[in-house]
Amino acid sequence: MAGDKQGKVNLGRRRFLQLGVLAGAGLTIGGYVVLGGEAVKTATEVWEAAPGSFAPNAWLRIGEDGAVTVRINHTEMGQGINTALAMIVAEELEADWTRVRAESAPAESVYKNPAYGAQLTAGSTSVTTSWDILRRAGAAAREMLIAAAAQTWNVAPDTCRAESGRVLHPPTDRSLDYGALASKAAGLPVPENPPLKDPGSYRIVGTPVHRLDGREKTEGRAVFGLDVRRPGLVRAAMVHAPVLGGKVVKVDDRDALRVKGVRRVVSLGASVAVVAETTWQALQGASALKVTWDRKESPAMDTETLKKRWPGLAAKEGRTVFEKGNVSQGAAGSGRTVRAAYFVPYQAHATPEPMNCTAHVHKDRCEVWAPTQNQDAAQEAAAKITGLPYEAVSIITPFVGGGFGRRVCVDYVVEAVTLSKILNQPVQVVWSREEDMRNDFYRPATYNEFEAVLDDQGRPQTWVHRIVGPDHMVSMLPKLLPGMMTYALPRGVRNLVSSVAGNLVPRFIAGKQAAEGAAPLPYDLEHVRVDFIQDDPGVPTGFWRSVAHSQNAFLVESFMNEIAAAGGRDPVDLRLELLEGNPSMRRVLELAVEKSGWGRPPAPGLHRGVAVHEFHHTLLACVAEVSVSPAGNVRVHRVVCALDCGVAVNPKNIAAQIRGGMAFGLTATIKGSITLDQGRVRQGNFDDFPILRMDEMPRVEVHILPSSRPPTGIGEAAVPLIAPAVCQAVFVATGVRVRDLPISSSLLAGRTGAS
């Protein structure tokens, strides 16, 4: 693809984490897995003893009743990963899908995500990294069951076949259930290279399967973090500084302790915990608390200040994070120059389930019920706080009510474990919505300047993109490193590496994450340069659903739409021309255009916009149909999305993820954002941080191209795509270019029909 050939690019987030100081993960079915020199537990050690069962590897177990349990090493946060990964195992296993269940894997090295060298759910990598591992795991078990049946019948294994949870012997019309074969199969050698099924014979993968967890969630039986109950459990409501980064100076807890049920108030330095018998009592006590903090204000952390400051920094010399061709030579003697500047704000994750964690520190062990995306970091933090060895720390992952990248960080886990150690009893930490909104690791804000020189056909000959703002990876990576390194390393070595990385990271990776999604471009452009000017005001930033793609797709595609208008080109025609060298993306765009009816007038009052983007090898295009009221209010009525995501493991869930991603992206496009006032986050709840409501959700049509490629990321893929398509439609409706999100109704009021 053209996007793979656009010159040299520095290491991105995922590849950087795979190299050098980080260990990768691997699977050797039937023996010890070696991870960075560390011997990992065998299948018999990671599964609890169950007489008559069959667990050939760490990923599946078959009981004597024939039920299949699949271990899921990625966090189920509503994205349907339990179902998708279980489908992969069940397909190769030839399981009876009605007898398959999924359970969360414990924190063990065998369950590390190969993309990061940690047990971490992020980057839309769950299916991608599990595809080969789980197929081999299922196939190995299938071959062992066939061998067990062949021994039972005294026949050749190649005269038997597996189907729907049974092994069949067609010549004699005999069959045995997997449960009846489990004990015998458990004593057989595990094949290292079992044959995999031909995709043409799949009967589970590629079908629209209902979610395994659907019934227990709709019936209220699913256990989320706040549902965890332990004997002697107390609740702790957390209070953090109103100015980001503030520390406790003095606590007046007299009124808080008068609240019925409040037992104790504990200062943790950066936060204060009000401990009570119930959650409500703890929250009431927290509201009565009086805390003196060391910071009154922080002038650098101010949205209006940043909007004034960053344009002046854009002219300064930055770090070139991507370069192809020679922009200066490409601009010589060419035609019209197009320029534009954009600002994208800080964004909160606003997970439906606020941060919470339950911990119980014992003398010789620690149990943590953590709604986390990062089991390794949670285990690392708990081990460090308690002084216990890693193997003495159990991380139990309940269902999670949305992660979106926020739960990669484990600050709330640290609070729970620390409090349990102090109180010597199980503690459930609970953040209110306001605490959650005002103490997030936000998506970074950035200021962006673009410049392109067009040829006489309106095609960009050069493309320059300058990004000003923070790169959250600079501050995040040192925090994540200890949990990503092999447990075979002494804790002191892990901490030393993390400390050294904190000094070296800015020099080597600044701008890499900030430019993700900005380059390489999917288009055939000869001269491209992306520069990054680091300016971090100190706002805590982290991973947000689709990370920098969420900003950069809006920026890149919006500027491409501006180029099309400046050159008198139809935005679809220009893209198709620039995608000649990228036939896969071109096919996706052609499908979206066809299904949307582009080229035919939309219904009266509706206007269309288009965008394409590649997210972690998933190719997407969408067309949005939008109306703008006389008051300037934007409503999206219909979205047509086409995509190539490789093998579509569960088309039903893929469509759900596309729709969910569109809703998430639309919220950031037309609804809420985080604004800072001298270090204080102005927003606190959904009254001043509105999200898309059900009656505002557009009809989203999803069209998946058939593909034989391995599966690619889907959980975040649709988030970046909706903003540029909607903003182009707004331009068609009003003649106004949206260069600052979220869209302001005051900017558009009275402009309908102005284009």
# chains A, B, ... in the order shown; residues from 1 in each chain; ligands from 1
call {"tool": "residues_around", "arguments": {"residues": "Leu589 of chain A", "least_positions_apart": "5", "cutoff": "12 Å", "atoms": "only C-alpha atoms", "output": "ChimeraX atom specification"}}
result
/A:522,571-580,582-584,594-596,598,610-614,619-623,640-644,703-705
call {"tool": "residues_around", "arguments": {"residues": "segment 235-249 of chain A", "least_positions_apart": "6", "cutoff": "9 Å", "atoms": "only C-alpha atoms", "output": "JSON, numbers by chain"}}
result
{"A": [265, 267, 268, 269, 270, 271, 272, 273, 274, 275, 276, 277, 278, 279, 280, 281, 282, 283, 284, 285, 286, 287, 289, 291, 292, 293, 294, 295, 296, 297, 298, 301, 358, 415, 416, 419, 426, 427, 428, 429, 430, 431, 432, 435, 438, 439, 538, 539, 540, 678, 679, 680, 681]}
call {"tool": "closest_residue", "arguments": {"among": "A:Val167, A:Ala377, A:Val528, A:Ala382", "to": "Phe322 of chain A", "atoms": "only C-alpha atoms"}}
result
A:Val528
call {"tool": "closest_residue", "arguments": {"among": "A:Thr83, A:Gln373, A:Thr386, A:Thr320", "to": "His465 of chain A", "atoms": "only C-alpha atoms"}}
result
A:Thr320
call {"tool": "select_by_dssp", "arguments": {"residues": "segment 406-483 of chain A", "states": "strand (DSSP E)", "output": "NGL selection string"}}
result
:A and (427-430 or 446-454 or 460-469)
call {"tool": "select_by_dssp", "arguments": {"residues": "segment 270-372 of chain A", "states": "alpha helix (DSSP H)", "output": "number ranges by chain"}}
result
A: 279-287, 303-313, 327-331
call {"tool": "write_last_selection", "arguments": {"atoms": "N, CA and C atoms", "output": "PDB file, in the first residue's frame"}}
result
ATOM      1  N   THR A 279     -21.046   2.925  50.526  1.00  0.00           N
ATOM      2  CA  THR A 279     -20.570   3.889  49.533  1.00  0.00           C
ATOM      3  C   THR A 279     -21.226   5.244  49.734  1.00  0.00           C
ATOM      4  N   TRP A 280     -22.527   5.257  49.971  1.00  0.00           N
ATOM      5  CA  TRP A 280     -23.240   6.523  50.144  1.00  0.00           C
ATOM      6  C   TRP A 280     -22.699   7.292  51.348  1.00  0.00           C
ATOM      7  N   GLN A 281     -22.466   6.596  52.445  1.00  0.00           N
ATOM      8  CA  GLN A 281     -21.921   7.259  53.626  1.00  0.00           C
ATOM      9  C   GLN A 281     -20.535   7.832  53.341  1.00  0.00           C
ATOM     10  N   ALA A 282     -19.727   7.090  52.596  1.00  0.00           N
ATOM     11  CA  ALA A 282     -18.386   7.576  52.259  1.00  0.00           C
ATOM     12  C   ALA A 282     -18.460   8.820  51.383  1.00  0.00           C
ATOM     13  N   LEU A 283     -19.368   8.823  50.417  1.00  0.00           N
ATOM     14  CA  LEU A 283     -19.515   9.986  49.538  1.00  0.00           C
ATOM     15  C   LEU A 283     -20.038  11.191  50.308  1.00  0.00           C
ATOM     16  N   GLN A 284     -20.973  10.962  51.226  1.00  0.00           N
ATOM     17  CA  GLN A 284     -21.484  12.056  52.055  1.00  0.00           C
ATOM     18  C   GLN A 284     -20.382  12.617  52.949  1.00  0.00           C
ATOM     19  N   GLY A 285     -19.572  11.733  53.499  1.00  0.00           N
ATOM     20  CA  GLY A 285     -18.460  12.192  54.317  1.00  0.00           C
ATOM     21  C   GLY A 285     -17.448  12.981  53.505  1.00  0.00           C
ATOM     22  N   ALA A 286     -17.218  12.542  52.271  1.00  0.00           N
ATOM     23  CA  ALA A 286     -16.269  13.252  51.407  1.00  0.00           C
ATOM     24  C   ALA A 286     -16.742  14.662  51.103  1.00  0.00           C
ATOM     25  N   SER A 287     -18.054  14.817  50.912  1.00  0.00           N
ATOM     26  CA  SER A 287     -18.576  16.151  50.611  1.00  0.00           C
ATOM     27  C   SER A 287     -18.481  17.082  51.816  1.00  0.00           C
ATOM     28  N   THR A 303      -6.785  26.607  29.190  1.00  0.00           N
ATOM     29  CA  THR A 303      -7.115  26.408  27.779  1.00  0.00           C
ATOM     30  C   THR A 303      -6.922  27.668  26.960  1.00  0.00           C
ATOM     31  N   GLU A 304      -7.428  28.792  27.442  1.00  0.00           N
ATOM     32  CA  GLU A 304      -7.297  30.032  26.669  1.00  0.00           C
ATOM     33  C   GLU A 304      -5.836  30.462  26.549  1.00  0.00           C
ATOM     34  N   THR A 305      -5.059  30.224  27.594  1.00  0.00           N
ATOM     35  CA  THR A 305      -3.630  30.545  27.528  1.00  0.00           C
ATOM     36  C   THR A 305      -2.929  29.705  26.469  1.00  0.00           C
ATOM     37  N   LEU A 306      -3.271  28.426  26.412  1.00  0.00           N
ATOM     38  CA  LEU A 306      -2.651  27.539  25.425  1.00  0.00           C
ATOM     39  C   LEU A 306      -3.031  27.941  24.003  1.00  0.00           C
ATOM     40  N   LYS A 307      -4.274  28.350  23.809  1.00  0.00           N
ATOM     41  CA  LYS A 307      -4.704  28.766  22.469  1.00  0.00           C
ATOM     42  C   LYS A 307      -3.948  30.011  21.999  1.00  0.00           C
ATOM     43  N   LYS A 308      -3.525  30.824  22.937  1.00  0.00           N
ATOM     44  CA  LYS A 308      -2.735  32.012  22.581  1.00  0.00           C
ATOM     45  C   LYS A 308      -1.244  31.679  22.458  1.00  0.00           C
ATOM     46  N   ARG A 309      -0.781  30.756  23.284  1.00  0.00           N
ATOM     47  CA  ARG A 309       0.652  30.451  23.341  1.00  0.00           C
ATOM     48  C   ARG A 309       1.114  29.583  22.172  1.00  0.00           C
ATOM     49  N   TRP A 310       0.372  28.547  21.856  1.00  0.00           N
ATOM     50  CA  TRP A 310       0.854  27.552  20.908  1.00  0.00           C
ATOM     51  C   TRP A 310       1.053  28.060  19.482  1.00  0.00           C
ATOM     52  N   PRO A 311       0.202  28.948  18.957  1.00  0.00           N
ATOM     53  CA  PRO A 311       0.485  29.447  17.597  1.00  0.00           C
ATOM     54  C   PRO A 311       1.856  30.110  17.481  1.00  0.00           C
ATOM     55  N   GLY A 312       2.303  30.762  18.543  1.00  0.00           N
ATOM     56  CA  GLY A 312       3.622  31.379  18.502  1.00  0.00           C
ATOM     57  C   GLY A 312       4.754  30.370  18.503  1.00  0.00           C
ATOM     58  N   LEU A 313       4.506  29.186  19.058  1.00  0.00           N
ATOM     59  CA  LEU A 313       5.537  28.154  19.093  1.00  0.00           C
ATOM     60  C   LEU A 313       5.635  27.385  17.781  1.00  0.00           C
ATOM     61  N   VAL A 327      10.421  18.657   0.842  1.00  0.00           N
ATOM     62  CA  VAL A 327       9.330  19.625   0.763  1.00  0.00           C
ATOM     63  C   VAL A 327       9.771  20.909   0.074  1.00  0.00           C
ATOM     64  N   SER A 328      10.966  21.368   0.368  1.00  0.00           N
ATOM     65  CA  SER A 328      11.446  22.619  -0.239  1.00  0.00           C
ATOM     66  C   SER A 328      11.575  22.484  -1.746  1.00  0.00           C
ATOM     67  N   GLN A 329      12.146  21.399  -2.203  1.00  0.00           N
ATOM     68  CA  GLN A 329      12.275  21.188  -3.641  1.00  0.00           C
ATOM     69  C   GLN A 329      10.915  20.983  -4.288  1.00  0.00           C
ATOM     70  N   GLY A 330      10.034  20.262  -3.602  1.00  0.00           N
ATOM     71  CA  GLY A 330       8.712  20.003  -4.163  1.00  0.00           C
ATOM     72  C   GLY A 330       7.886  21.254  -4.329  1.00  0.00           C
ATOM     73  N   ALA A 331       8.130  22.262  -3.485  1.00  0.00           N
ATOM     74  CA  ALA A 331       7.349  23.498  -3.554  1.00  0.00           C
ATOM     75  C   ALA A 331       7.861  24.451  -4.620  1.00  0.00           C
TER      76      ALA A 331
END
call {"tool": "closest_residue", "arguments": {"among": "A:Val413, A:Leu181, A:Ala514, A:Leu741", "to": "Glu64 of chain A", "atoms": "only C-alpha atoms"}}
result
A:Leu181
call {"tool": "residues_around", "arguments": {"residues": "Ala383 of chain A", "least_positions_apart": "2", "cutoff": "12 Å", "atoms": "only C-alpha atoms", "output": "tab-separated table (two decimals) with N, CA and C atoms, in the first residue's frame"}}
result
chain	number	residue	atom	x	y	z
A	361	VAL	N	-5.22	-6.70	51.61
A	361	VAL	CA	-3.83	-7.04	51.88
A	361	VAL	C	-3.78	-7.92	53.12
A	364	ASP	N	0.65	-12.40	54.09
A	364	ASP	CA	1.53	-13.08	53.14
A	364	ASP	C	1.00	-13.06	51.71
A	365	ARG	N	-0.07	-12.34	51.46
A	365	ARG	CA	-0.63	-12.28	50.11
A	365	ARG	C	-1.51	-11.05	49.98
A	366	CYS	N	-1.85	-10.75	48.73
A	366	CYS	CA	-2.69	-9.58	48.45
A	366	CYS	C	-3.66	-9.94	47.33
A	367	GLU	N	-4.92	-9.65	47.56
A	367	GLU	CA	-5.94	-9.88	46.54
A	367	GLU	C	-6.45	-8.53	46.05
A	368	VAL	N	-6.53	-8.39	44.74
A	368	VAL	CA	-6.98	-7.13	44.15
A	368	VAL	C	-8.03	-7.43	43.09
A	376	ASP	N	-0.67	-6.30	34.56
A	376	ASP	CA	0.73	-6.31	34.98
A	376	ASP	C	1.08	-5.08	35.82
A	377	ALA	N	0.60	-3.92	35.39
A	377	ALA	CA	0.87	-2.70	36.15
A	377	ALA	C	0.19	-2.75	37.51
A	378	ALA	N	-1.02	-3.32	37.56
A	378	ALA	CA	-1.72	-3.45	38.84
A	378	ALA	C	-0.95	-4.37	39.78
A	379	GLN	N	-0.46	-5.48	39.24
A	379	GLN	CA	0.31	-6.42	40.06
A	379	GLN	C	1.63	-5.80	40.51
A	380	GLU	N	2.28	-5.10	39.62
A	380	GLU	CA	3.54	-4.41	39.95
A	380	GLU	C	3.32	-3.40	41.08
A	381	ALA	N	2.24	-2.61	40.96
A	381	ALA	CA	1.96	-1.58	41.97
A	381	ALA	C	1.67	-2.21	43.32
A	385	ILE	N	3.84	-1.78	46.83
A	385	ILE	CA	3.25	-1.19	48.04
A	385	ILE	C	3.35	-2.14	49.23
A	386	THR	N	3.08	-3.42	48.99
A	386	THR	CA	3.02	-4.39	50.08
A	386	THR	C	4.38	-5.01	50.40
A	387	GLY	N	5.32	-4.94	49.46
A	387	GLY	CA	6.59	-5.61	49.65
A	387	GLY	C	6.52	-7.10	49.41
A	388	LEU	N	5.40	-7.58	48.89
A	388	LEU	CA	5.22	-9.00	48.62
A	388	LEU	C	5.80	-9.37	47.26
A	389	PRO	N	6.17	-10.64	47.07
A	389	PRO	CA	6.60	-11.07	45.74
A	389	PRO	C	5.41	-11.07	44.78
A	390	TYR	N	5.71	-10.99	43.49
A	390	TYR	CA	4.64	-10.89	42.50
A	390	TYR	C	3.68	-12.07	42.58
A	391	GLU	N	4.22	-13.26	42.81
A	391	GLU	CA	3.36	-14.44	42.83
A	391	GLU	C	2.39	-14.45	44.01
A	392	ALA	N	2.62	-13.58	44.98
A	392	ALA	CA	1.71	-13.48	46.13
A	392	ALA	C	0.60	-12.46	45.91
A	393	VAL	N	0.62	-11.80	44.76
A	393	VAL	CA	-0.39	-10.80	44.44
A	393	VAL	C	-1.33	-11.35	43.38
A	394	SER	N	-2.59	-11.50	43.73
A	394	SER	CA	-3.61	-11.99	42.79
A	394	SER	C	-4.39	-10.82	42.23
A	395	ILE	N	-4.47	-10.74	40.90
A	395	ILE	CA	-5.27	-9.72	40.24
A	395	ILE	C	-6.49	-10.40	39.63
A	413	VAL	N	-5.93	1.76	41.71
A	413	VAL	CA	-5.47	0.51	42.32
A	413	VAL	C	-4.48	0.81	43.44
A	414	VAL	N	-3.58	1.74	43.19
A	414	VAL	CA	-2.61	2.15	44.21
A	414	VAL	C	-3.34	2.63	45.47
A	417	VAL	N	-4.98	-0.51	47.37
A	417	VAL	CA	-4.00	-1.37	48.04
A	417	VAL	C	-3.38	-0.64	49.23
A	418	THR	N	-3.06	0.62	49.05
A	418	THR	CA	-2.47	1.41	50.14
A	418	THR	C	-3.42	1.49	51.33
A	421	LYS	N	-3.75	-1.84	53.19
A	421	LYS	CA	-2.56	-2.08	54.02
A	421	LYS	C	-2.63	-1.27	55.31
A	482	PRO	N	7.87	-0.73	34.35
A	482	PRO	CA	8.10	-1.80	35.33
A	482	PRO	C	7.17	-2.99	35.14
A	483	GLY	N	5.92	-2.75	34.78
A	483	GLY	CA	4.98	-3.84	34.58
A	483	GLY	C	5.17	-4.56	33.27
A	487	TYR	N	9.43	-10.61	34.97
A	487	TYR	CA	9.46	-10.74	36.42
A	487	TYR	C	10.76	-11.39	36.90
A	491	ARG	N	13.41	-6.50	41.42
A	491	ARG	CA	12.60	-5.29	41.44
A	491	ARG	C	13.46	-4.04	41.33
call {"tool": "residues_around", "arguments": {"residues": "Ala105 of chain A", "least_positions_apart": "2", "cutoff": "9 Å", "atoms": "only C-alpha atoms", "output": "PDB file with N, CA and C atoms, in the first residue's frame"}}
result
ATOM      1  N   TRP A  59      -4.975 -21.851  27.672  1.00  0.00           N
ATOM      2  CA  TRP A  59      -6.071 -21.106  27.064  1.00  0.00           C
ATOM      3  C   TRP A  59      -7.424 -21.800  27.133  1.00  0.00           C
ATOM      4  N   VAL A  70     -12.805 -21.088  28.047  1.00  0.00           N
ATOM      5  CA  VAL A  70     -11.712 -20.407  27.359  1.00  0.00           C
ATOM      6  C   VAL A  70     -11.220 -19.276  28.245  1.00  0.00           C
ATOM      7  N   ARG A  71      -9.920 -19.251  28.490  1.00  0.00           N
ATOM      8  CA  ARG A  71      -9.324 -18.177  29.271  1.00  0.00           C
ATOM      9  C   ARG A  71      -9.063 -16.978  28.358  1.00  0.00           C
ATOM     10  N   ILE A  72      -9.523 -15.807  28.795  1.00  0.00           N
ATOM     11  CA  ILE A  72      -9.373 -14.575  28.022  1.00  0.00           C
ATOM     12  C   ILE A  72      -8.355 -13.685  28.726  1.00  0.00           C
ATOM     13  N   ASN A  73      -7.248 -13.409  28.043  1.00  0.00           N
ATOM     14  CA  ASN A  73      -6.188 -12.617  28.667  1.00  0.00           C
ATOM     15  C   ASN A  73      -6.323 -11.131  28.393  1.00  0.00           C
ATOM     16  N   HIS A  74      -7.438 -10.721  27.818  1.00  0.00           N
ATOM     17  CA  HIS A  74      -7.710  -9.306  27.582  1.00  0.00           C
ATOM     18  C   HIS A  74      -8.966  -8.911  28.358  1.00  0.00           C
ATOM     19  N   THR A  75      -9.024  -7.669  28.764  1.00  0.00           N
ATOM     20  CA  THR A  75     -10.116  -7.201  29.613  1.00  0.00           C
ATOM     21  C   THR A  75     -11.382  -6.980  28.807  1.00  0.00           C
ATOM     22  N   GLU A 103     -13.804 -16.972  30.622  1.00  0.00           N
ATOM     23  CA  GLU A 103     -13.486 -16.402  31.924  1.00  0.00           C
ATOM     24  C   GLU A 103     -12.208 -15.579  31.810  1.00  0.00           C
ATOM     25  N   ALA A 107      -3.496 -12.787  36.417  1.00  0.00           N
ATOM     26  CA  ALA A 107      -2.245 -12.123  36.038  1.00  0.00           C
ATOM     27  C   ALA A 107      -1.120 -13.147  36.079  1.00  0.00           C
ATOM     28  N   GLU A 108      -0.766 -13.657  34.923  1.00  0.00           N
ATOM     29  CA  GLU A 108       0.321 -14.620  34.771  1.00  0.00           C
ATOM     30  C   GLU A 108       1.093 -14.272  33.509  1.00  0.00           C
ATOM     31  N   TYR A 111       0.022 -15.007  29.924  1.00  0.00           N
ATOM     32  CA  TYR A 111      -1.087 -14.248  29.354  1.00  0.00           C
ATOM     33  C   TYR A 111      -0.680 -12.845  28.904  1.00  0.00           C
ATOM     34  N   ILE A 396      -7.656 -10.060  40.123  1.00  0.00           N
ATOM     35  CA  ILE A 396      -8.910 -10.603  39.600  1.00  0.00           C
ATOM     36  C   ILE A 396      -9.587  -9.498  38.805  1.00  0.00           C
ATOM     37  N   THR A 397      -9.912  -9.783  37.547  1.00  0.00           N
ATOM     38  CA  THR A 397     -10.488  -8.755  36.679  1.00  0.00           C
ATOM     39  C   THR A 397     -11.974  -9.009  36.475  1.00  0.00           C
TER      40      THR A 397
END
call {"tool": "atom_distance", "arguments": {"atom1": "atom CA of Ala149 of chain A", "atom2": "atom CA of Val68 of chain A"}}
result
17.6 Å
